[in-house]
Amino acid sequence: MTNEPEIEVTVLLPCLNEAETLEVCVRKALRSLRECGVVGEVLVSDNGSTDGSQEIAERAGARVAHAPIRGYGGALLNGIDQARGRYVIMADADDSYALADLGPFVEALRAGHDVVMGNRFRGGIAPGAMPPLHRYLGNPVLSWLGRRLFGLREVRDFHCGMRGFNAERIRALGLCMPGMEFASELVVRAALAGYDIVEVPTTLSPDGRSRPPHLRTWRDGWRHLRFLLVFAPRKTLVRPGAALTALGLAGVGALTPGPLTLGPVRLDVSTLVYACLMVLVGVQLVLFGGLAEIYGRQERLVPQRASDRWIRLLRLETSVTVGLLLLVAGVAGTVGAVAYWGLDGFGDLNPHDTLRVVLPSATAIALGVVVLFSGLVGSLLTLRPTHPAPAIVRQSGPDHDRILTGS
């Protein structure tokens, strides 16, 4: 009995009604694998095509796997599970990516890099291949955010759809996003796990299909942005909130005793209003960031150690204690203000005097309520015990398929 040679590279093409371009993509990939001297396969992960894409792929020499989970990420998750190769190189099936030139990806993967990203800006973007909004706004902004939030200094094309990776290492990440944000999830989780990520130049050609692409600029751009922000709550919520709180507290402390003169500028009660608002908004941002980290831990989206401190700080007992202390302080200030008003016969008062007590007191009451209920939400998020190893559970429903994480 002859053993089949071990497959080194799987070229993975997610597919949903790609009859126009699928055959040429498969043939380009197979030819490039042969030219590189690679034992490989082309795997088409089909998302329920109704235009005969499955038969076209098989005739061209590809293996077809049915993807039960709808969506770009759903197709890729299925393909990664079904891939037989040690390495996977993924690309869209619209004939826009350089499937005829897999060499740079194969070389980088063989060199031991965990993830190899394509860079279309270094390799070349043909006229009409990328809308100006994507080329000059969407991609640069999202790539910049990825570098700033996750330390991906070497990644300049964050959303290139052609990338390669070590299949075993990527499976270990427990990826689960079924939509277009899967592209961000792969890179972000790999970065958080400390994987070695590099870029190689690749080209982008105009989409070979006659129909509109599946990508929706604003909807999918927002989903990518939302994903990046949720995965980095410390940088997007906690730190800005802490800075805003500190600045607001400085203003409240300086303006509560009386007006403050800074050169030609005189700050008074109006500024105190905004200082109190800064404290309230800043604390809410910090608490929301903490809750986001707890949620990420419970859903196994972020490292667990990142949220341990927040679980201690937002315990119901701690939050109730801090919240009640703030409420008592705020009520005490309010009672004092009402007593002072009573001494004046509940008549007209000088707002410049009374508001210096009323505003901080009202802010303390609001903060007490916010902290108390944040602790309640935090305790609800930690009711379900976490487990060290995530598992992907796929469920199909009558309307759409879902991915759930569970034990």
# chains A, B, ... in the order shown; residues from 1 in each chain; ligands from 1
call {"tool": "residues_around", "arguments": {"residues": "Ser49 (chain A)", "least_positions_apart": "3", "cutoff": "9 Å", "atoms": "only C-alpha atoms", "output": "list of chain:residue names"}}
result
A:Cys15, A:Leu16, A:Asn17, A:Glu18, A:Ala19, A:Asp46, A:Gly52, A:Ser53, A:Gln54
call {"tool": "write_last_selection", "arguments": {"atoms": "all heavy atoms", "output": "PDB file, in the first residue's frame"}}
result
ATOM      1  N   CYS A  15     -16.308  30.597  -0.718  1.00  0.00           N
ATOM      2  CA  CYS A  15     -17.082  30.720  -1.952  1.00  0.00           C
ATOM      3  C   CYS A  15     -18.567  30.873  -1.662  1.00  0.00           C
ATOM      4  O   CYS A  15     -19.129  30.125  -0.854  1.00  0.00           O
ATOM      5  CB  CYS A  15     -16.846  29.476  -2.818  1.00  0.00           C
ATOM      6  SG  CYS A  15     -17.851  29.406  -4.316  1.00  0.00           S
ATOM      7  N   LEU A  16     -19.194  31.825  -2.342  1.00  0.00           N
ATOM      8  CA  LEU A  16     -20.647  31.946  -2.379  1.00  0.00           C
ATOM      9  C   LEU A  16     -21.028  32.496  -3.750  1.00  0.00           C
ATOM     10  O   LEU A  16     -20.852  33.686  -4.028  1.00  0.00           O
ATOM     11  CB  LEU A  16     -21.157  32.875  -1.266  1.00  0.00           C
ATOM     12  CG  LEU A  16     -22.671  33.123  -1.275  1.00  0.00           C
ATOM     13  CD1 LEU A  16     -23.439  31.813  -1.088  1.00  0.00           C
ATOM     14  CD2 LEU A  16     -23.065  34.121  -0.206  1.00  0.00           C
ATOM     15  N   ASN A  17     -21.450  31.598  -4.626  1.00  0.00           N
ATOM     16  CA  ASN A  17     -21.863  31.968  -5.987  1.00  0.00           C
ATOM     17  C   ASN A  17     -20.750  32.690  -6.737  1.00  0.00           C
ATOM     18  O   ASN A  17     -20.888  33.845  -7.146  1.00  0.00           O
ATOM     19  CB  ASN A  17     -23.133  32.823  -5.941  1.00  0.00           C
ATOM     20  CG  ASN A  17     -24.330  32.071  -5.398  1.00  0.00           C
ATOM     21  OD1 ASN A  17     -24.468  30.871  -5.627  1.00  0.00           O
ATOM     22  ND2 ASN A  17     -25.193  32.765  -4.668  1.00  0.00           N
ATOM     23  N   GLU A  18     -19.639  31.986  -6.928  1.00  0.00           N
ATOM     24  CA  GLU A  18     -18.477  32.549  -7.614  1.00  0.00           C
ATOM     25  C   GLU A  18     -18.223  31.842  -8.942  1.00  0.00           C
ATOM     26  O   GLU A  18     -17.070  31.649  -9.345  1.00  0.00           O
ATOM     27  CB  GLU A  18     -17.228  32.431  -6.722  1.00  0.00           C
ATOM     28  CG  GLU A  18     -17.362  33.017  -5.349  1.00  0.00           C
ATOM     29  CD  GLU A  18     -17.399  34.530  -5.337  1.00  0.00           C
ATOM     30  OE1 GLU A  18     -17.391  35.132  -6.433  1.00  0.00           O
ATOM     31  OE2 GLU A  18     -17.450  35.126  -4.246  1.00  0.00           O
ATOM     32  N   ALA A  19     -19.278  31.445  -9.644  1.00  0.00           N
ATOM     33  CA  ALA A  19     -19.125  30.659 -10.868  1.00  0.00           C
ATOM     34  C   ALA A  19     -18.293  31.383 -11.929  1.00  0.00           C
ATOM     35  O   ALA A  19     -17.588  30.743 -12.715  1.00  0.00           O
ATOM     36  CB  ALA A  19     -20.502  30.305 -11.434  1.00  0.00           C
ATOM     37  N   ASP A  46     -17.502  26.105   0.536  1.00  0.00           N
ATOM     38  CA  ASP A  46     -18.683  26.678  -0.108  1.00  0.00           C
ATOM     39  C   ASP A  46     -19.772  27.006   0.901  1.00  0.00           C
ATOM     40  O   ASP A  46     -20.111  26.197   1.762  1.00  0.00           O
ATOM     41  CB  ASP A  46     -19.234  25.710  -1.147  1.00  0.00           C
ATOM     42  CG  ASP A  46     -20.365  26.329  -1.936  1.00  0.00           C
ATOM     43  OD1 ASP A  46     -20.088  27.215  -2.754  1.00  0.00           O
ATOM     44  OD2 ASP A  46     -21.522  25.943  -1.696  1.00  0.00           O
ATOM     45  N   GLY A  52     -23.846  26.574  -9.220  1.00  0.00           N
ATOM     46  CA  GLY A  52     -22.994  25.500  -9.720  1.00  0.00           C
ATOM     47  C   GLY A  52     -21.528  25.653  -9.394  1.00  0.00           C
ATOM     48  O   GLY A  52     -20.677  24.967  -9.987  1.00  0.00           O
ATOM     49  N   SER A  53     -21.187  26.521  -8.443  1.00  0.00           N
ATOM     50  CA  SER A  53     -19.783  26.733  -8.094  1.00  0.00           C
ATOM     51  C   SER A  53     -19.109  25.444  -7.622  1.00  0.00           C
ATOM     52  O   SER A  53     -17.921  25.213  -7.898  1.00  0.00           O
ATOM     53  CB  SER A  53     -19.674  27.795  -7.001  1.00  0.00           C
ATOM     54  OG  SER A  53     -20.029  29.064  -7.472  1.00  0.00           O
ATOM     55  N   GLN A  54     -19.851  24.593  -6.923  1.00  0.00           N
ATOM     56  CA  GLN A  54     -19.260  23.368  -6.390  1.00  0.00           C
ATOM     57  C   GLN A  54     -18.747  22.476  -7.520  1.00  0.00           C
ATOM     58  O   GLN A  54     -17.613  21.975  -7.469  1.00  0.00           O
ATOM     59  CB  GLN A  54     -20.283  22.597  -5.536  1.00  0.00           C
ATOM     60  CG  GLN A  54     -20.852  23.381  -4.367  1.00  0.00           C
ATOM     61  CD  GLN A  54     -22.131  24.120  -4.711  1.00  0.00           C
ATOM     62  OE1 GLN A  54     -22.356  24.492  -5.862  1.00  0.00           O
ATOM     63  NE2 GLN A  54     -22.989  24.332  -3.708  1.00  0.00           N
TER      64      GLN A  54
END
call {"tool": "residues_around", "arguments": {"residues": "Arg169 (chain A)", "least_positions_apart": "4", "cutoff": "9 Å", "atoms": "only C-alpha atoms", "output": "PyMOL selection string"}}
result
chain A and resi 114+165+173+190+195
call {"tool": "write_last_selection", "arguments": {"atoms": "N, CA, C and O atoms", "output": "CSV table (one decimal), in the first residue's frame"}}
result
chain,number,residue,atom,x,y,z
A,114,ASP,N,4.4,32.5,11.9
A,114,ASP,CA,3.1,32.0,12.1
A,114,ASP,C,2.0,32.5,11.2
A,114,ASP,O,1.1,31.8,10.8
A,165,PHE,N,-0.9,31.1,6.9
A,165,PHE,CA,-0.6,30.9,8.4
A,165,PHE,C,-0.4,29.4,8.6
A,165,PHE,O,-0.8,28.5,7.8
A,173,LEU,N,-6.2,29.1,18.3
A,173,LEU,CA,-6.7,30.4,18.8
A,173,LEU,C,-8.2,30.4,19.2
A,173,LEU,O,-8.7,31.3,19.8
A,190,ALA,N,-4.0,36.5,16.9
A,190,ALA,CA,-2.6,36.1,16.7
A,190,ALA,C,-1.6,37.1,17.4
A,190,ALA,O,-0.6,36.6,18.0
A,195,TYR,N,2.1,35.7,18.4
A,195,TYR,CA,2.6,35.0,17.2
A,195,TYR,C,3.5,35.9,16.4
A,195,TYR,O,3.4,37.1,16.4
call {"tool": "residues_around", "arguments": {"residues": "Leu376 (chain A)", "least_positions_apart": "4", "cutoff": "9 Å", "atoms": "only C-alpha atoms", "output": "ChimeraX atom specification"}}
result
/A:314-316,319-320,371-372,380-381
call {"tool": "atom_distance", "arguments": {"atom1": "CA of Val39 (chain A)", "atom2": "CA of Arg59 (chain A)"}}
result
19.2 Å
call {"tool": "residues_around", "arguments": {"residues": "Leu267 (chain A)", "least_positions_apart": "6", "cutoff": "12 Å", "atoms": "only C-alpha atoms", "output": "VMD selection string"}}
result
chain A and resid 251 to 252 254 to 261 273 to 275 352
call {"tool": "write_last_selection", "arguments": {"atoms": "N, CA and C atoms", "output": "mmCIF file, in the first residue's frame"}}
result
data_model
loop_
_atom_site.group_PDB
_atom_site.id
_atom_site.type_symbol
_atom_site.label_atom_id
_atom_site.label_comp_id
_atom_site.auth_asym_id
_atom_site.auth_seq_id
_atom_site.Cartn_x
_atom_site.Cartn_y
_atom_site.Cartn_z
ATOM 1 N N GLY A 251 -10.447 69.953 38.171
ATOM 2 C CA GLY A 251 -11.297 71.123 38.014
ATOM 3 C C GLY A 251 -12.270 71.298 39.165
ATOM 4 N N VAL A 252 -12.878 70.186 39.612
ATOM 5 C CA VAL A 252 -13.819 70.264 40.734
ATOM 6 C C VAL A 252 -13.107 70.719 42.000
ATOM 7 N N ALA A 254 -10.446 72.519 42.235
ATOM 8 C CA ALA A 254 -9.984 73.905 42.152
ATOM 9 C C ALA A 254 -11.128 74.908 42.193
ATOM 10 N N LEU A 255 -12.306 74.522 41.691
ATOM 11 C CA LEU A 255 -13.400 75.491 41.546
ATOM 12 C C LEU A 255 -14.439 75.422 42.655
ATOM 13 N N THR A 256 -14.472 74.338 43.420
ATOM 14 C CA THR A 256 -15.457 74.257 44.502
ATOM 15 C C THR A 256 -15.257 75.343 45.560
ATOM 16 N N PRO A 257 -14.031 75.655 45.987
ATOM 17 C CA PRO A 257 -13.869 76.721 46.989
ATOM 18 C C PRO A 257 -14.236 78.104 46.466
ATOM 19 N N GLY A 258 -14.039 78.342 45.175
ATOM 20 C CA GLY A 258 -14.312 79.675 44.637
ATOM 21 C C GLY A 258 -13.797 79.787 43.219
ATOM 22 N N PRO A 259 -13.964 80.961 42.594
ATOM 23 C CA PRO A 259 -13.490 81.159 41.227
ATOM 24 C C PRO A 259 -11.980 80.976 41.127
ATOM 25 N N LEU A 260 -11.526 80.653 39.909
ATOM 26 C CA LEU A 260 -10.098 80.454 39.665
ATOM 27 C C LEU A 260 -9.679 81.360 38.518
ATOM 28 N N THR A 261 -8.633 82.118 38.754
ATOM 29 C CA THR A 261 -8.132 83.042 37.737
ATOM 30 C C THR A 261 -6.807 82.520 37.196
ATOM 31 N N VAL A 273 -19.467 73.120 36.061
ATOM 32 C CA VAL A 273 -20.457 72.211 35.466
ATOM 33 C C VAL A 273 -19.765 71.201 34.559
ATOM 34 N N TYR A 274 -18.884 71.681 33.691
ATOM 35 C CA TYR A 274 -18.201 70.792 32.756
ATOM 36 C C TYR A 274 -17.180 69.907 33.457
ATOM 37 N N ALA A 275 -16.578 70.407 34.527
ATOM 38 C CA ALA A 275 -15.652 69.563 35.291
ATOM 39 C C ALA A 275 -16.390 68.389 35.913
ATOM 40 N N HIS A 352 -23.875 81.359 42.393
ATOM 41 C CA HIS A 352 -22.420 81.174 42.425
ATOM 42 C C HIS A 352 -21.969 80.531 43.729
#
call {"tool": "select_by_dssp", "arguments": {"residues": "region 166-370 of chain A", "states": "alpha helix (DSSP H)", "output": "PyMOL selection string"}}
result
chain A and resi 167-171+182-192+217-230+233+239-255+269-298+308-313+316-343+351-370
call {"tool": "closest_residue", "arguments": {"among": "A:Val377, A:Val283, A:Ala75, A:Met130", "to": "Tyr295 (chain A)", "atoms": "only C-alpha atoms"}}
result
A:Val377
call {"tool": "select_by_dssp", "arguments": {"residues": "region 26-141 of chain A", "states": "strand (DSSP E or B)", "output": "PyMOL selection string"}}
result
chain A and resi 40-46+63-66+87-90+97+115-119+125
call {"tool": "residues_around", "arguments": {"residues": "Arg63 (chain A)", "least_positions_apart": "4", "cutoff": "9 Å", "atoms": "only C-alpha atoms", "output": "PyMOL selection string"}}
result
chain A and resi 41-45+54+57-58
call {"tool": "write_last_selection", "arguments": {"atoms": "N, CA and C atoms", "output": "short mmCIF file (atom, residue, chain, number, x, y, z; two decimals), in the first residue's frame"}}
result
data_model
loop_
_atom_site.label_atom_id
_atom_site.label_comp_id
_atom_site.auth_asym_id
_atom_site.auth_seq_id
_atom_site.Cartn_x
_atom_site.Cartn_y
_atom_site.Cartn_z
N GLU A 41 -2.98 21.44 -2.08
CA GLU A 41 -4.35 21.25 -2.52
C GLU A 41 -5.05 22.60 -2.56
N VAL A 42 -6.12 22.67 -3.33
CA VAL A 42 -6.99 23.83 -3.29
C VAL A 42 -8.32 23.38 -2.68
N LEU A 43 -8.72 24.04 -1.61
CA LEU A 43 -9.95 23.71 -0.91
C LEU A 43 -10.94 24.86 -1.07
N VAL A 44 -12.09 24.57 -1.62
CA VAL A 44 -13.15 25.56 -1.76
C VAL A 44 -14.16 25.30 -0.65
N SER A 45 -14.29 26.26 0.25
CA SER A 45 -15.25 26.16 1.35
C SER A 45 -16.51 26.89 0.92
N GLN A 54 -19.85 24.59 -6.92
CA GLN A 54 -19.26 23.37 -6.39
C GLN A 54 -18.75 22.48 -7.52
N ALA A 57 -15.66 23.98 -9.25
CA ALA A 57 -14.44 23.82 -8.46
C ALA A 57 -13.88 22.41 -8.58
N GLU A 58 -14.75 21.40 -8.51
CA GLU A 58 -14.28 20.02 -8.58
C GLU A 58 -13.71 19.70 -9.97
#
call {"tool": "residues_around", "arguments": {"residues": "Pro360 (chain A)", "least_positions_apart": "2", "cutoff": "8 Å", "atoms": "only C-alpha atoms", "output": "list of chain:residue names"}}
result
A:Val252, A:Thr256, A:Cys276, A:Gly330, A:Arg356, A:Val357, A:Val358, A:Ala362, A:Thr363, A:Ala364
call {"tool": "atom_distance", "arguments": {"atom1": "CA of Asp348 (chain A)", "atom2": "CA of Val335 (chain A)"}}
result
17.3 Å
call {"tool": "closest_residue", "arguments": {"among": "A:Arg163, A:Pro131, A:Tyr136, A:Leu33", "to": "Leu13 (chain A)", "atoms": "only C-alpha atoms"}}
result
A:Arg163
